[in-house]
Amino acid sequence: MKLLTLNFLTCAIKTCKTQPASFPLHPRDAELEIVETDMNLPFLKNILPRLMWDELRTITSELGLPDLPPTPPTRSNLVEGGEKDAVAEEEEQEEVVEEPTQTAKDLHRILLETCIKEGKLVCGACGHEYKVMEGVANFLLPGHLV
Amino acid sequence: MADSETQGPDYEEQHVHTVYEQIASHFSSTRYKPWPVVERFLKGLPDGAVGADVGCGNGKYLAVNPRVFIVGSDRSTNLIKIAKQHHPHSAVVADNLSLPHPNHSFDFAISIAVIHHLSTPARRIDAVKAILELLRPPFRDRKGGTGGRALIYVWALEQKDSRRGWDEGHQQDVMVPWVMKGKKEKAQKKGKALEQDMEYGGAKRGAEDKTFLRYYHLYRKGELESDVAEAGGEIVESGYEKDNWWAIVARKT
Ligand SMILES: [Zn+2]
C-alpha cells in the first residue's frame, strides 16, 4: 500500500473518526518495499494541495524514512526551471514538456513508490490495529466494533 | 432476503461476500467495459480531484481517469489484489458501512453496482449515508466549485428487454446465478492463489460448471432517489441506463 493512501485513511470505527487522534493512522512493525511506477508530474502537482503535510512527516519519521522538509513544496518547486504561468501554459500546452526537479522525484518516491508490504496500522484514538498483508490493508471490523 | 435487520450482515456474508471472494478472478475477467454514465462522470472531474470508489471490485473504474486520485475499497481481498495494480490509485479492504476515510474529505465518490447487495432497507439507506459522509460539504467558489458529488448506480427492476426479463411488479429481492464454466476457466492459469480459492469454493477444475448464487435487491423506479432523500442527500441528476438506475448526489450541508 503506497504511503499516499495514508493521507486519506483513518479508523473505520465511526465514533473514532471524529476524534483528532484517529488521523493519521500509525504504521507499526512495517516492512516496506519500493514498487516502481512512472513519474507523473501533473498528478503530483495536482495532489499537492491535498496533502496533510505535518501528518505525512509524522508517518515518514515513524517509518524511519528520511525527513520530509518542514514545509510542503510548491507546484513551482516540482518543475525544473519553475512553473510557467497559467496563460503561457495553456498556449504552449502541446510543446512544453516539463521536467521534474529532484524535489518532485523525492516526493514521487515517498508517496507513490514507497509501500507498506506487511505490518499494522494503529489508530491513535482507540488503539485498534489494522493488518497490512501482501500490500493490502484490511479495515474489516470484528462484529462487536461495527 | 434477510428477514430482520440483525440478520443483514450474516446474510450478506454468505450470499454476497463469500461468492465474490470465490469468483474474483473469473468475475474480473468479464468486467472491463465501463458504463457510459460512469465514464462521463469520471472524465468530467477536474484534474487532481480526490475520490473514493466504494465497492470498487477489480478496480475497472480506477483505470478511467489517471489525472484524479481514487482510493478504492471492497470487502473482497482477492478483488483488491487485482484493483491495487491500477496506478496512481490505491485500494484497501473495507466494509461500505464502516469506511476507513476521514469524513467530508473527498471531492467525489462512486459506488457502482454495490448497494443493491445490501439485504435490508435500513442497510441500503446507511450505505448511501456512508457515501454522503465522504463528500466535502457544498460550497461555491469563483472556479465553479460545488462541493462533493457521488455517483450511485444500482440494478433496476424494470429491465424487461434484458436477458433476465424482470419488470415492474416482479419480486425485488432475488438470487442471481453466476456460472463459472468448468473447462474454459481461463483464470486457472493466472496464479496459484486464485486456483486455491476456486478449489476452496468447491469448483472442480477442468470439469463441470459451478454455479454461485448472489443476492440482489432490484430497485424500482424512484426508489434510489427516495433512499437518497432518506439518507439526507440531495439529487443533482438521476436517470436510467441499460437495466440500471443511477443518481448523482450531494450533501445538503
Ligand atoms: Zn480508532
# chains A, B, ... in the order shown; residues from 1 in each chain; ligands from 1
$ interface_residues --of "chain A" --to "chain B" --cutoff "7 Å" --atoms "only C-alpha atoms" --output "list in words"
Thr5, Phe8, Leu9, Thr10, Cys11, Ala12, Ile13, Lys14, Lys17, Phe43, Asn46, Ile47, Val136, Ala137, Asn138, Phe139 and Leu140 of chain A
$ residues_around --residues "Asp161 in chain B" --least-positions-apart "4" --cutoff "10 Å" --atoms "only C-alpha atoms" --output "PyMOL selection string"
chain B and resi 165-167+242-243
$ residues_around --residues "Thr101 in chain A" --least-positions-apart "4" --cutoff "6 Å" --atoms "only C-alpha atoms" --output "list of chain:residue names"
A:Leu78, A:Val79, A:Glu80
$ residues_near_ligand --ligand "ligand 1" --cutoff "10 Å" --atoms "only C-alpha atoms and all ligand atoms" --output "list in words"
Thr10, Cys11, Ala12, Ile13, Lys14, Thr15, Cys16, Lys17, Thr18, Gln19, Ala21, Ser22, Phe23, Leu25, Val122, Cys123, Gly124, Ala125, Cys126, Gly127, His128, Glu129, Tyr130 and Leu145 of chain A; Pro100 of chain B
$ atom_distance --atom1 "CA of Leu151 in chain B" --atom2 "CA of Pro121 in chain B"
19.3 Å
$ atom_distance --atom1 "CA of Val132 in chain A" --atom2 "CA of Cys115 in chain A"
10.5 Å
$ select_by_dssp --residues "chain A" --states "strand (DSSP E)" --output "PyMOL selection string"
chain A and resi 26-34+114-122+129-133+136-137
$ select_by_dssp --residues "range 2-143 of chain A" --states "helix (DSSP H, G or I)" --output "PyMOL selection string"
chain A and resi 3-8+14-17+20-22+41-50+53-62+75-78+86-91+102-113+143
$ write_last_selection --atoms "C-alpha atoms" --output "mmCIF file, in the first residue's frame"
data_model
loop_
_atom_site.group_PDB
_atom_site.id
_atom_site.type_symbol
_atom_site.label_atom_id
_atom_site.label_comp_id
_atom_site.auth_asym_id
_atom_site.auth_seq_id
_atom_site.Cartn_x
_atom_site.Cartn_y
_atom_site.Cartn_z
ATOM 1 C CA LEU A 3 2.101 5.906 1.578
ATOM 2 C CA LEU A 4 -0.080 8.478 -0.200
ATOM 3 C CA THR A 5 -3.058 6.306 0.766
ATOM 4 C CA LEU A 6 -2.484 7.115 4.451
ATOM 5 C CA ASN A 7 -3.331 10.741 3.662
ATOM 6 C CA PHE A 8 -6.925 9.580 3.071
ATOM 7 C CA LYS A 14 -17.500 5.568 13.474
ATOM 8 C CA THR A 15 -17.131 7.052 16.940
ATOM 9 C CA CYS A 16 -13.373 7.262 16.449
ATOM 10 C CA LYS A 17 -13.372 9.207 13.198
ATOM 11 C CA PRO A 20 -8.431 14.168 16.006
ATOM 12 C CA ALA A 21 -6.096 11.436 17.344
ATOM 13 C CA SER A 22 -7.544 8.932 14.831
ATOM 14 C CA LEU A 41 4.405 15.257 -12.756
ATOM 15 C CA PRO A 42 0.952 16.762 -13.447
ATOM 16 C CA PHE A 43 -0.553 14.283 -10.988
ATOM 17 C CA LEU A 44 1.985 15.211 -8.334
ATOM 18 C CA LYS A 45 1.333 18.935 -8.827
ATOM 19 C CA ASN A 46 -2.397 18.419 -8.563
ATOM 20 C CA ILE A 47 -2.324 16.266 -5.462
ATOM 21 C CA LEU A 48 -0.047 18.721 -3.631
ATOM 22 C CA PRO A 49 -2.789 20.931 -2.126
ATOM 23 C CA ARG A 50 -4.488 17.834 -0.673
ATOM 24 C CA TRP A 53 1.998 17.675 5.286
ATOM 25 C CA ASP A 54 2.557 17.572 9.043
ATOM 26 C CA GLU A 55 0.822 14.199 9.305
ATOM 27 C CA LEU A 56 2.847 12.810 6.409
ATOM 28 C CA ARG A 57 6.014 13.974 8.148
ATOM 29 C CA THR A 58 4.931 12.114 11.266
ATOM 30 C CA ILE A 59 4.371 8.943 9.251
ATOM 31 C CA THR A 60 7.690 9.074 7.406
ATOM 32 C CA SER A 61 9.551 9.716 10.641
ATOM 33 C CA GLU A 62 7.739 6.822 12.349
ATOM 34 C CA ARG A 75 3.968 23.463 -7.546
ATOM 35 C CA SER A 76 6.869 25.501 -8.883
ATOM 36 C CA ASN A 77 9.334 23.587 -6.693
ATOM 37 C CA LEU A 78 8.391 20.442 -8.587
ATOM 38 C CA ALA A 86 -1.244 29.620 -16.411
ATOM 39 C CA VAL A 87 -1.677 31.609 -19.646
ATOM 40 C CA ALA A 88 1.652 30.582 -21.102
ATOM 41 C CA GLU A 89 0.952 27.009 -20.121
ATOM 42 C CA GLU A 90 -2.329 26.988 -21.963
ATOM 43 C CA GLU A 91 -0.891 28.500 -25.139
ATOM 44 C CA GLN A 102 14.798 16.389 -7.520
ATOM 45 C CA THR A 103 12.123 17.516 -5.042
ATOM 46 C CA ALA A 104 9.452 16.072 -7.323
ATOM 47 C CA LYS A 105 11.371 12.831 -7.733
ATOM 48 C CA ASP A 106 11.781 12.500 -3.975
ATOM 49 C CA LEU A 107 8.103 13.157 -3.392
ATOM 50 C CA HIS A 108 7.164 10.609 -6.035
ATOM 51 C CA ARG A 109 9.442 8.081 -4.376
ATOM 52 C CA ILE A 110 7.972 8.646 -0.909
ATOM 53 C CA LEU A 111 4.281 8.979 -1.728
ATOM 54 C CA LEU A 112 3.783 6.680 -4.700
ATOM 55 C CA GLU A 113 6.621 4.174 -4.745
ATOM 56 C CA GLY A 143 -18.684 -7.765 14.793
#
$ residues_around --residues "Ala156 in chain B" --least-positions-apart "5" --cutoff "8 Å" --atoms "only C-alpha atoms" --output "PDB file with N, CA, C and O atoms, in the first residue's frame"
ATOM      1  N   LEU B 218     -33.394  -5.503  -6.381  1.00  0.00           N
ATOM      2  CA  LEU B 218     -33.607  -4.755  -7.631  1.00  0.00           C
ATOM      3  C   LEU B 218     -34.413  -3.494  -7.323  1.00  0.00           C
ATOM      4  O   LEU B 218     -35.477  -3.566  -6.694  1.00  0.00           O
ATOM      5  N   TYR B 219     -33.896  -2.357  -7.764  1.00  0.00           N
ATOM      6  CA  TYR B 219     -34.531  -1.072  -7.430  1.00  0.00           C
ATOM      7  C   TYR B 219     -35.679  -0.744  -8.371  1.00  0.00           C
ATOM      8  O   TYR B 219     -35.530  -0.815  -9.593  1.00  0.00           O
ATOM      9  N   ARG B 220     -36.808  -0.356  -7.752  1.00  0.00           N
ATOM     10  CA  ARG B 220     -37.933   0.163  -8.521  1.00  0.00           C
ATOM     11  C   ARG B 220     -37.611   1.585  -8.966  1.00  0.00           C
ATOM     12  O   ARG B 220     -36.816   2.277  -8.341  1.00  0.00           O
ATOM     13  N   LYS B 221     -38.329   2.037  -9.986  1.00  0.00           N
ATOM     14  CA  LYS B 221     -38.226   3.434 -10.403  1.00  0.00           C
ATOM     15  C   LYS B 221     -38.489   4.357  -9.203  1.00  0.00           C
ATOM     16  O   LYS B 221     -39.470   4.170  -8.488  1.00  0.00           O
ATOM     17  N   ASP B 243     -30.645  -1.154 -18.020  1.00  0.00           N
ATOM     18  CA  ASP B 243     -31.015  -2.045 -16.905  1.00  0.00           C
ATOM     19  C   ASP B 243     -30.601  -1.542 -15.519  1.00  0.00           C
ATOM     20  O   ASP B 243     -30.673  -2.297 -14.552  1.00  0.00           O
ATOM     21  N   ASN B 244     -30.150  -0.295 -15.434  1.00  0.00           N
ATOM     22  CA  ASN B 244     -29.723   0.244 -14.137  1.00  0.00           C
ATOM     23  C   ASN B 244     -30.299   1.638 -13.875  1.00  0.00           C
ATOM     24  O   ASN B 244     -30.482   2.420 -14.806  1.00  0.00           O
ATOM     25  N   TRP B 245     -30.566   1.916 -12.599  1.00  0.00           N
ATOM     26  CA  TRP B 245     -30.890   3.279 -12.161  1.00  0.00           C
ATOM     27  C   TRP B 245     -29.625   3.918 -11.620  1.00  0.00           C
ATOM     28  O   TRP B 245     -28.825   3.234 -10.989  1.00  0.00           O
TER      29      TRP B 245
END
$ residues_around --residues "range 228-240 of chain B" --least-positions-apart "4" --cutoff "10 Å" --atoms "only C-alpha atoms" --output "JSON, numbers by chain"
{"B": [37, 122, 124, 125, 126, 127, 128, 129, 130, 131, 132, 133, 149, 150, 151, 152, 153, 154, 155, 156, 158, 221, 222, 223, 224, 244, 245, 246, 247, 248, 249, 250, 251, 252, 253]}
$ write_last_selection --atoms "N, CA, C and O atoms" --output "compact mmCIF listing (two decimals), in the first residue's frame"
# COMPACT_ATOMS: atom_id res chain seq x y z
N VAL B 37 -22.36 6.25 -18.32
CA VAL B 37 -22.63 7.29 -17.31
C VAL B 37 -21.46 7.41 -16.33
O VAL B 37 -21.08 8.51 -15.93
N ALA B 122 -32.90 -0.58 5.68
CA ALA B 122 -32.11 0.30 6.56
C ALA B 122 -30.64 0.26 6.17
O ALA B 122 -29.95 1.28 6.19
N ARG B 124 -29.41 -0.37 3.22
CA ARG B 124 -29.21 0.33 1.93
C ARG B 124 -29.17 1.84 2.14
O ARG B 124 -28.36 2.55 1.53
N ILE B 125 -30.01 2.34 3.03
CA ILE B 125 -30.00 3.78 3.34
C ILE B 125 -28.70 4.15 4.06
O ILE B 125 -28.07 5.17 3.76
N ASP B 126 -28.26 3.30 4.99
CA ASP B 126 -26.99 3.53 5.68
C ASP B 126 -25.82 3.58 4.70
O ASP B 126 -24.87 4.34 4.89
N ALA B 127 -25.90 2.76 3.66
CA ALA B 127 -24.83 2.73 2.66
C ALA B 127 -24.78 4.07 1.93
O ALA B 127 -23.69 4.60 1.65
N VAL B 128 -25.94 4.65 1.63
CA VAL B 128 -25.97 5.97 0.98
C VAL B 128 -25.42 7.03 1.93
O VAL B 128 -24.64 7.89 1.54
N LYS B 129 -25.83 6.92 3.21
CA LYS B 129 -25.32 7.87 4.22
C LYS B 129 -23.80 7.81 4.29
O LYS B 129 -23.13 8.85 4.38
N ALA B 130 -23.26 6.61 4.28
CA ALA B 130 -21.80 6.44 4.37
C ALA B 130 -21.10 7.09 3.18
O ALA B 130 -20.02 7.68 3.33
N ILE B 131 -21.72 7.01 2.01
CA ILE B 131 -21.14 7.65 0.81
C ILE B 131 -21.21 9.17 0.96
O ILE B 131 -20.24 9.89 0.70
N LEU B 132 -22.38 9.67 1.40
CA LEU B 132 -22.55 11.13 1.56
C LEU B 132 -21.56 11.69 2.58
O LEU B 132 -21.06 12.81 2.43
N GLU B 133 -21.26 10.92 3.62
CA GLU B 133 -20.34 11.36 4.66
C GLU B 133 -18.92 11.59 4.13
O GLU B 133 -18.16 12.36 4.70
N ARG B 149 -19.50 15.37 -4.98
CA ARG B 149 -20.58 14.71 -5.71
C ARG B 149 -20.32 13.22 -5.72
O ARG B 149 -19.17 12.79 -5.88
N ALA B 150 -21.38 12.43 -5.61
CA ALA B 150 -21.21 10.98 -5.70
C ALA B 150 -22.14 10.40 -6.75
O ALA B 150 -23.27 10.87 -6.91
N LEU B 151 -21.65 9.42 -7.46
CA LEU B 151 -22.47 8.71 -8.44
C LEU B 151 -22.79 7.32 -7.89
O LEU B 151 -21.88 6.55 -7.56
N ILE B 152 -24.08 7.06 -7.75
CA ILE B 152 -24.52 5.75 -7.25
C ILE B 152 -25.30 5.04 -8.37
O ILE B 152 -26.12 5.67 -9.05
N TYR B 153 -24.99 3.76 -8.54
CA TYR B 153 -25.51 3.01 -9.67
C TYR B 153 -26.04 1.68 -9.17
O TYR B 153 -25.33 0.97 -8.44
N VAL B 154 -27.29 1.36 -9.46
CA VAL B 154 -27.87 0.10 -8.96
C VAL B 154 -28.67 -0.62 -10.05
O VAL B 154 -29.14 0.00 -11.01
N TRP B 155 -28.86 -1.90 -9.86
CA TRP B 155 -29.61 -2.70 -10.83
C TRP B 155 -31.10 -2.38 -10.75
O TRP B 155 -31.64 -2.24 -9.64
N ALA B 156 -31.74 -2.27 -11.90
CA ALA B 156 -33.15 -1.89 -11.95
C ALA B 156 -34.06 -3.11 -12.02
O ALA B 156 -33.72 -4.13 -12.62
N GLU B 158 -36.95 -2.73 -13.50
CA GLU B 158 -37.53 -2.56 -14.82
C GLU B 158 -36.47 -2.83 -15.90
O GLU B 158 -35.68 -1.95 -16.25
N LYS B 221 -38.33 2.04 -9.99
CA LYS B 221 -38.23 3.43 -10.40
C LYS B 221 -38.49 4.36 -9.20
O LYS B 221 -39.47 4.17 -8.49
N GLY B 222 -37.60 5.30 -8.96
CA GLY B 222 -37.80 6.27 -7.88
C GLY B 222 -37.26 5.82 -6.52
O GLY B 222 -37.14 6.63 -5.60
N GLU B 223 -36.95 4.55 -6.39
CA GLU B 223 -36.52 4.03 -5.09
C GLU B 223 -35.14 4.55 -4.68
O GLU B 223 -34.92 4.89 -3.51
N LEU B 224 -34.23 4.64 -5.64
CA LEU B 224 -32.89 5.14 -5.32
C LEU B 224 -32.99 6.59 -4.84
O LEU B 224 -32.39 6.96 -3.82
N ASN B 244 -30.15 -0.30 -15.43
CA ASN B 244 -29.72 0.24 -14.14
C ASN B 244 -30.30 1.64 -13.88
O ASN B 244 -30.48 2.42 -14.81
N TRP B 245 -30.57 1.92 -12.60
CA TRP B 245 -30.89 3.28 -12.16
C TRP B 245 -29.63 3.92 -11.62
O TRP B 245 -28.83 3.23 -10.99
N TRP B 246 -29.46 5.22 -11.88
CA TRP B 246 -28.28 5.90 -11.33
C TRP B 246 -28.68 7.27 -10.80
O TRP B 246 -29.70 7.85 -11.22
N ALA B 247 -27.87 7.80 -9.89
CA ALA B 247 -28.11 9.14 -9.35
C ALA B 247 -26.78 9.79 -9.00
O ALA B 247 -25.89 9.12 -8.46
N ILE B 248 -26.66 11.06 -9.34
CA ILE B 248 -25.53 11.86 -8.86
C ILE B 248 -26.05 12.65 -7.68
O ILE B 248 -27.05 13.35 -7.79
N VAL B 249 -25.39 12.49 -6.53
CA VAL B 249 -25.92 13.06 -5.29
C VAL B 249 -24.90 13.96 -4.61
O VAL B 249 -23.70 13.87 -4.86
N ALA B 250 -25.41 14.83 -3.74
CA ALA B 250 -24.55 15.75 -2.99
C ALA B 250 -25.06 15.84 -1.56
O ALA B 250 -26.19 15.43 -1.27
N ARG B 251 -24.24 16.37 -0.68
CA ARG B 251 -24.69 16.63 0.68
C ARG B 251 -25.57 17.88 0.67
O ARG B 251 -25.43 18.74 -0.18
N LYS B 252 -26.47 17.99 1.66
CA LYS B 252 -27.28 19.20 1.75
C LYS B 252 -26.51 20.29 2.51
O LYS B 252 -26.68 21.46 2.24
N THR B 253 -25.74 19.83 3.50
CA THR B 253 -24.97 20.82 4.30
C THR B 253 -23.53 20.37 4.45
O THR B 253 -23.23 19.21 4.31
$ closest_residue --among "B:Ser119, B:Gln85, B:Gln22, B:Asn65" --to "Gln172 in chain B" --atoms "only C-alpha atoms"
B:Ser119
$ atom_distance --atom1 "CA of Leu118 in chain B" --atom2 "CA of Cys56 in chain B"
15.3 Å
